[in-house]
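Trainee: Contents of input-v9.csv (CSV, C-alpha atoms and all ligand atoms):
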```
chain,number,residue,atom,x,y,z
A,1,MET,CA,88.5,113.3,129.0
A,2,ILE,CA,89.8,109.8,128.1
A,3,ASP,CA,86.5,108.8,126.6
A,4,GLN,CA,86.3,112.0,124.7
A,5,LEU,CA,89.8,111.5,123.3
A,6,HIS,CA,88.9,107.9,122.3
A,7,ALA,CA,85.7,109.2,120.5
A,8,LEU,CA,87.8,111.9,118.7
A,9,ALA,CA,90.3,109.2,117.6
A,10,GLU,CA,87.5,107.1,116.2
A,11,ALA,CA,86.1,110.1,114.4
A,12,ALA,CA,89.6,110.7,112.9
A,13,GLY,CA,89.4,107.3,111.2
A,14,PHE,CA,92.3,105.5,112.9
A,15,GLU,CA,92.2,101.7,112.2
A,16,CYS,CA,93.4,100.8,115.7
A,17,ILE,CA,93.1,102.7,119.0
A,18,GLY,CA,94.3,101.7,122.5
A,19,GLN,CA,94.7,103.2,125.9
A,20,ALA,CA,97.3,103.0,128.6
A,21,PRO,CA,98.0,104.7,131.9
A,22,ALA,CA,100.7,107.4,131.5
A,23,THR,CA,102.6,105.6,134.3
A,24,ALA,CA,103.1,102.7,131.9
A,25,LEU,CA,105.2,104.8,129.6
A,26,GLN,CA,108.9,104.5,130.1
A,27,VAL,CA,111.4,107.1,128.7
A,28,ARG,CA,114.5,105.3,127.4
A,29,ALA,CA,117.8,107.0,126.6
A,30,GLU,CA,118.6,104.3,124.0
A,31,VAL,CA,115.5,105.2,122.0
A,32,ARG,CA,116.5,108.9,121.9
A,33,ASP,CA,120.1,107.8,121.0
A,34,MET,CA,118.7,106.3,117.8
A,35,CYS,CA,117.7,109.8,116.7
A,36,ALA,CA,121.4,110.9,116.5
A,37,VAL,CA,122.0,108.1,114.0
A,38,ASP,CA,119.9,110.3,111.8
A,39,ARG,CA,118.2,107.5,109.7
A,40,CYS,CA,115.2,109.8,109.1
A,41,GLN,CA,117.5,112.7,108.3
A,42,ALA,CA,115.7,115.0,110.7
A,43,TYR,CA,118.2,115.2,113.6
A,44,GLY,CA,118.9,118.9,114.1
A,45,ARG,CA,116.7,119.9,111.2
A,46,THR,CA,113.3,120.4,112.9
A,47,TRP,CA,112.4,122.3,116.1
A,48,THR,CA,110.7,119.1,117.4
A,49,CYS,CA,113.6,116.7,116.9
A,50,PRO,CA,116.7,116.4,119.1
A,51,PRO,CA,118.5,118.4,120.1
A,52,ALA,CA,116.1,121.4,119.8
A,53,CYS,CA,113.1,119.5,121.2
A,54,GLY,CA,114.4,119.4,124.8
A,55,THR,CA,115.9,116.8,127.0
A,56,LEU,CA,114.6,113.4,128.0
A,57,ASP,CA,114.2,114.6,131.5
A,58,ASP,CA,111.9,117.3,130.1
A,59,PHE,CA,109.8,114.6,128.4
A,60,ALA,CA,109.8,112.3,131.4
A,61,ALA,CA,108.4,115.2,133.5
A,62,ARG,CA,105.8,116.1,130.9
A,63,ILE,CA,104.7,112.5,130.6
A,64,ALA,CA,104.5,112.2,134.3
A,65,ALA,CA,102.2,115.2,134.5
A,66,HIS,CA,99.5,113.3,132.6
A,67,GLU,CA,97.2,110.4,133.7
A,68,HIS,CA,96.1,108.8,130.5
A,69,CYS,CA,97.5,107.9,127.0
A,70,VAL,CA,95.5,107.3,123.9
A,71,ILE,CA,97.5,105.4,121.3
A,72,VAL,CA,96.3,105.6,117.6
A,73,GLN,CA,97.4,103.7,114.6
A,74,THR,CA,96.9,104.0,110.9
A,75,VAL,CA,97.2,100.5,109.4
A,76,GLY,CA,97.9,100.5,105.6
A,77,THR,CA,98.2,97.6,103.2
A,78,MET,CA,101.3,96.8,101.1
A,79,GLU,CA,101.2,94.9,97.8
A,80,ASP,CA,104.6,93.3,98.8
A,81,ASP,CA,107.6,93.9,101.1
A,82,PHE,CA,109.0,96.5,98.7
A,83,ASP,CA,105.8,98.6,98.3
A,84,ILE,CA,107.4,101.9,99.1
A,85,GLU,CA,104.5,103.8,97.6
A,86,GLY,CA,102.1,102.0,99.9
A,87,ILE,CA,104.2,102.8,102.9
A,88,MET,CA,104.5,106.5,101.9
A,89,GLU,CA,100.7,106.8,101.4
A,90,ALA,CA,100.0,105.3,104.8
A,91,GLU,CA,102.5,107.6,106.4
A,92,ALA,CA,101.1,110.7,104.8
A,93,LEU,CA,97.5,109.6,105.7
A,94,HIS,CA,98.6,109.0,109.3
A,95,LYS,CA,100.3,112.4,109.6
A,96,ARG,CA,97.2,114.2,108.3
A,97,ARG,CA,94.9,112.3,110.6
A,98,PHE,CA,97.1,112.7,113.6
A,99,ALA,CA,97.6,116.5,113.1
A,100,ALA,CA,93.8,116.9,112.9
A,101,PHE,CA,93.3,114.6,115.9
A,102,ALA,CA,95.8,116.5,118.0
A,103,ASP,CA,94.1,119.8,117.1
A,104,ALA,CA,90.7,118.4,118.1
A,105,ALA,CA,92.2,117.0,121.3
A,106,ARG,CA,93.8,120.3,122.3
A,107,ALA,CA,90.5,122.1,121.6
A,108,ALA,CA,88.6,119.5,123.8
A,109,ALA,CA,91.2,119.8,126.6
A,110,GLY,CA,90.9,123.6,126.8
A,111,ALA,CA,93.3,124.8,129.5
A,112,ALA,CA,94.2,121.3,130.7
A,113,PRO,CA,97.7,120.0,129.7
A,114,LEU,CA,97.9,117.8,126.7
A,115,LEU,CA,100.9,116.2,125.0
A,116,ALA,CA,100.7,114.9,121.4
A,117,LEU,CA,103.5,112.7,120.2
A,118,GLY,CA,103.6,111.9,116.5
A,119,ALA,CA,105.3,109.5,114.1
A,120,GLY,CA,108.5,110.8,112.6
A,121,ALA,CA,109.6,114.3,112.2
A,122,CYS,CA,107.2,117.2,112.3
A,123,THR,CA,106.0,117.9,108.7
A,124,LEU,CA,103.3,120.5,109.4
A,125,CYS,CA,105.3,123.0,107.3
A,126,ALA,CA,106.6,122.1,103.8
A,127,GLN,CA,110.0,123.2,105.0
A,128,CYS,CA,110.9,123.5,108.7
A,129,THR,CA,112.4,126.8,109.7
A,130,CYS,CA,115.0,125.1,112.0
A,131,PRO,CA,117.6,126.4,112.8
A,132,ASP,CA,117.3,129.8,111.1
A,133,GLU,CA,113.9,131.1,112.2
A,134,PRO,CA,111.5,130.3,115.1
A,135,CYS,CA,109.0,127.6,114.7
A,136,ARG,CA,106.0,128.8,112.6
A,137,GLN,CA,103.4,126.8,114.6
A,138,PRO,CA,104.8,126.2,118.1
A,139,GLU,CA,101.3,125.3,119.5
A,140,ARG,CA,100.8,122.6,116.9
A,141,ALA,CA,104.3,121.3,116.2
A,142,LEU,CA,104.7,117.6,116.9
A,143,THR,CA,107.6,115.8,118.5
A,144,SER,CA,107.8,112.1,117.7
A,145,MET,CA,107.3,109.3,120.2
A,146,GLU,CA,110.9,108.2,119.7
A,147,ALA,CA,112.3,111.7,120.2
A,148,ALA,CA,110.5,111.7,123.6
A,149,GLY,CA,112.3,108.4,124.4
A,150,LEU,CA,109.3,106.1,123.9
A,151,LEU,CA,109.7,102.7,122.4
A,152,VAL,CA,106.6,102.4,120.2
A,153,SER,CA,106.4,98.6,120.6
A,154,ASP,CA,106.4,99.0,124.4
A,155,VAL,CA,103.6,101.6,124.3
A,156,CYS,CA,101.6,99.3,122.1
A,157,ALA,CA,102.1,96.4,124.5
A,158,ALA,CA,101.0,98.6,127.4
A,159,ALA,CA,97.8,99.5,125.5
A,160,GLY,CA,97.2,95.9,124.5
A,161,ILE,CA,97.3,96.6,120.8
A,162,PRO,CA,99.6,95.1,118.1
A,163,TYR,CA,102.7,97.0,117.1
A,164,ASN,CA,102.9,94.9,113.9
A,165,HIS,CA,99.6,94.0,112.2
A,166,GLY,CA,101.1,91.2,110.1
A,167,ARG,CA,102.4,90.5,106.7
A,168,GLY,CA,101.1,92.8,104.0
A,169,THR,CA,100.4,95.7,106.4
A,170,ILE,CA,102.3,98.7,107.6
A,171,ALA,CA,101.3,100.6,110.8
A,172,PHE,CA,102.1,104.1,111.9
A,173,THR,CA,101.6,104.9,115.6
A,174,SER,CA,101.2,108.1,117.6
A,175,CYS,CA,99.7,109.0,121.0
A,176,VAL,CA,98.1,111.8,123.0
A,177,LEU,CA,98.6,112.1,126.7
A,178,ALA,CA,95.9,113.9,128.8
B,1,LIG,S1,105.6,123.4,112.9
B,1,LIG,FE1,106.8,123.9,111.1
B,1,LIG,S2,108.5,125.1,111.8
B,1,LIG,FE2,107.6,124.2,113.6
B,1,LIG,S3,108.8,122.2,113.9
B,1,LIG,FE3,107.0,121.7,112.6
B,1,LIG,S4,107.7,121.9,110.5
B,1,LIG,FE4,109.2,123.0,111.9
```
For this file, produce the structure as structure tokens.
Mentor:
Amino acid sequence: MIDQLHALAEAAGFECIGQAPATALQVRAEVRDMCAVDRCQAYGRTWTCPPACGTLDDFAARIAAHEHCVIVQTVGTMEDDFDIEGIMEAEALHKRRFAAFADAARAAAGAAPLLALGAGACTLCAQCTCPDEPCRQPERALTSMEAAGLLVSDVCAAAGIPYNHGRGTIAFTSCVLA
């Protein structure tokens, strides 16, 4: 399965792909706590962000139920440190790629459990229904790595891939556990 996921990640076009054992992933309360600061303005506004997404204990148990983690990155280029447009383009590309990769990974996994953790809030719908109506796509909805309590730089280190690809680049990271 891990080789199949790696091949699907390559086909999805990610610039950087790594692997780590699921046991290397550590759920940290301080990472989840950063969600409540609401810098991304998603706290309490999507079904896959805290508090609606479930507790850290839930995520620790879900992560522990898997063996492998495939980490994927979209690495974009920036004209300068203030290239907001370049950052937004890379983020949008990453979200499109990761949603497609997660769909393909679920299809490949069949009945086996699979946990896809994205970058930032779920944006599968133009407007999230939270908190007024149920999630429109509960099978596809994506919780972020941070909401699951994962420090992205730690996960990258466990996989032996860079968190930061250097000056003039911007990287967005997500992962799939199988
Ligand atoms: S799939 Fe749609 S409704 Fe469900 S969490 Fe994502 S954006 Fe919200």
Trainee: Around ligand LIG 1 (chain B), out to 7 Å and counting only C-alpha atoms and all ligand atoms, which residues are there? I want them as a list in words.
Mentor: Thr46, Trp47, Thr48, Cys122, Thr123, Leu124, Cys125, Ala126, Gln127, Cys128, Thr129, Cys130, Pro134, Cys135, Arg136, Gln137, Pro138, Arg140, Ala141 and Leu142 of chain A
Trainee: Tell me which of A:Met88, A:Met78, A:Cys156, A:Ala148 sits closest to Arg32 in chain A, counting only C-alpha atoms.
Mentor: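 So, comparing all the options, the nearest one is A:Ala148.
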Trainee: What is the distance between CA of Cys69 in chain A and CA of Gly86 in chain A, in Å to one decimal?
Mentor: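 CA of Gly86 in chain A lies at a distance of 28.1 Å from CA of Cys69 in chain A.
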Trainee: Fewer than 5 positions away in the same chain doesn't count, so skip those; otherwise give me all residues within 10 Å of Ala65 in chain A, counting all atoms listed in the file, as a list of chain:residue names.
Mentor: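 Contacts, with the query itself left out: A:Ala22, A:Thr23, A:Phe59, A:Ala60, A:Pro113, A:Leu114, A:Leu115, A:Leu177, A:Ala178.
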Trainee: Distance CA of Asp38 in chain A-CA of Glu146 in chain A, one decimal place?
Mentor: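 Answer for the CA of Asp38 in chain A to CA of Glu146 in chain A separation: 12.2 Å.
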Trainee: Using all atoms listed in the file, find the one residue out of A:Asp154, A:Ala29, A:Val70, A:Val37 that sits nearest to Ala105 in chain A.
Mentor: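 Smallest distance to Ala105 in chain A is found for A:Val70.
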Trainee: For Gln41 in chain A, which of A:Ile87, A:Ala157, A:Gly120, A:Glu67 is the closest residue, counting all atoms listed in the file?
Mentor: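 Residue with the minimum atom-to-atom distance to Gln41 in chain A: A:Gly120.
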Trainee: Taking only C-alpha atoms into account, which of A:Tyr43, A:Phe172, A:Tyr163, A:Phe101 comes nearest Ala116 in chain A?
Mentor: A:Phe101
Trainee: Pick from A:Ile71, A:Ile170, A:Ala112, A:Val176: nearest to Val152 in chain A, with only C-alpha atoms counted?
Mentor: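 Using only C-alpha atoms, the shortest distance to Val152 in chain A belongs to A:Ile71.
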Trainee: Nearest to Pro131 in chain A: which of A:Cys35, A:Ala9, A:Gly44, A:Val27 is it, counting all atoms listed in the file?
Mentor: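 Checking each candidate against Pro131 in chain A, we get A:Gly44 as the closest.
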Trainee: Just to confirm, what's the straight-line distance from CA of Gly149 in chain A to CA of Cys40 in chain A in Å (one decimal)?
Mentor: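 CA of Cys40 in chain A lies 15.6 Å from CA of Gly149 in chain A.
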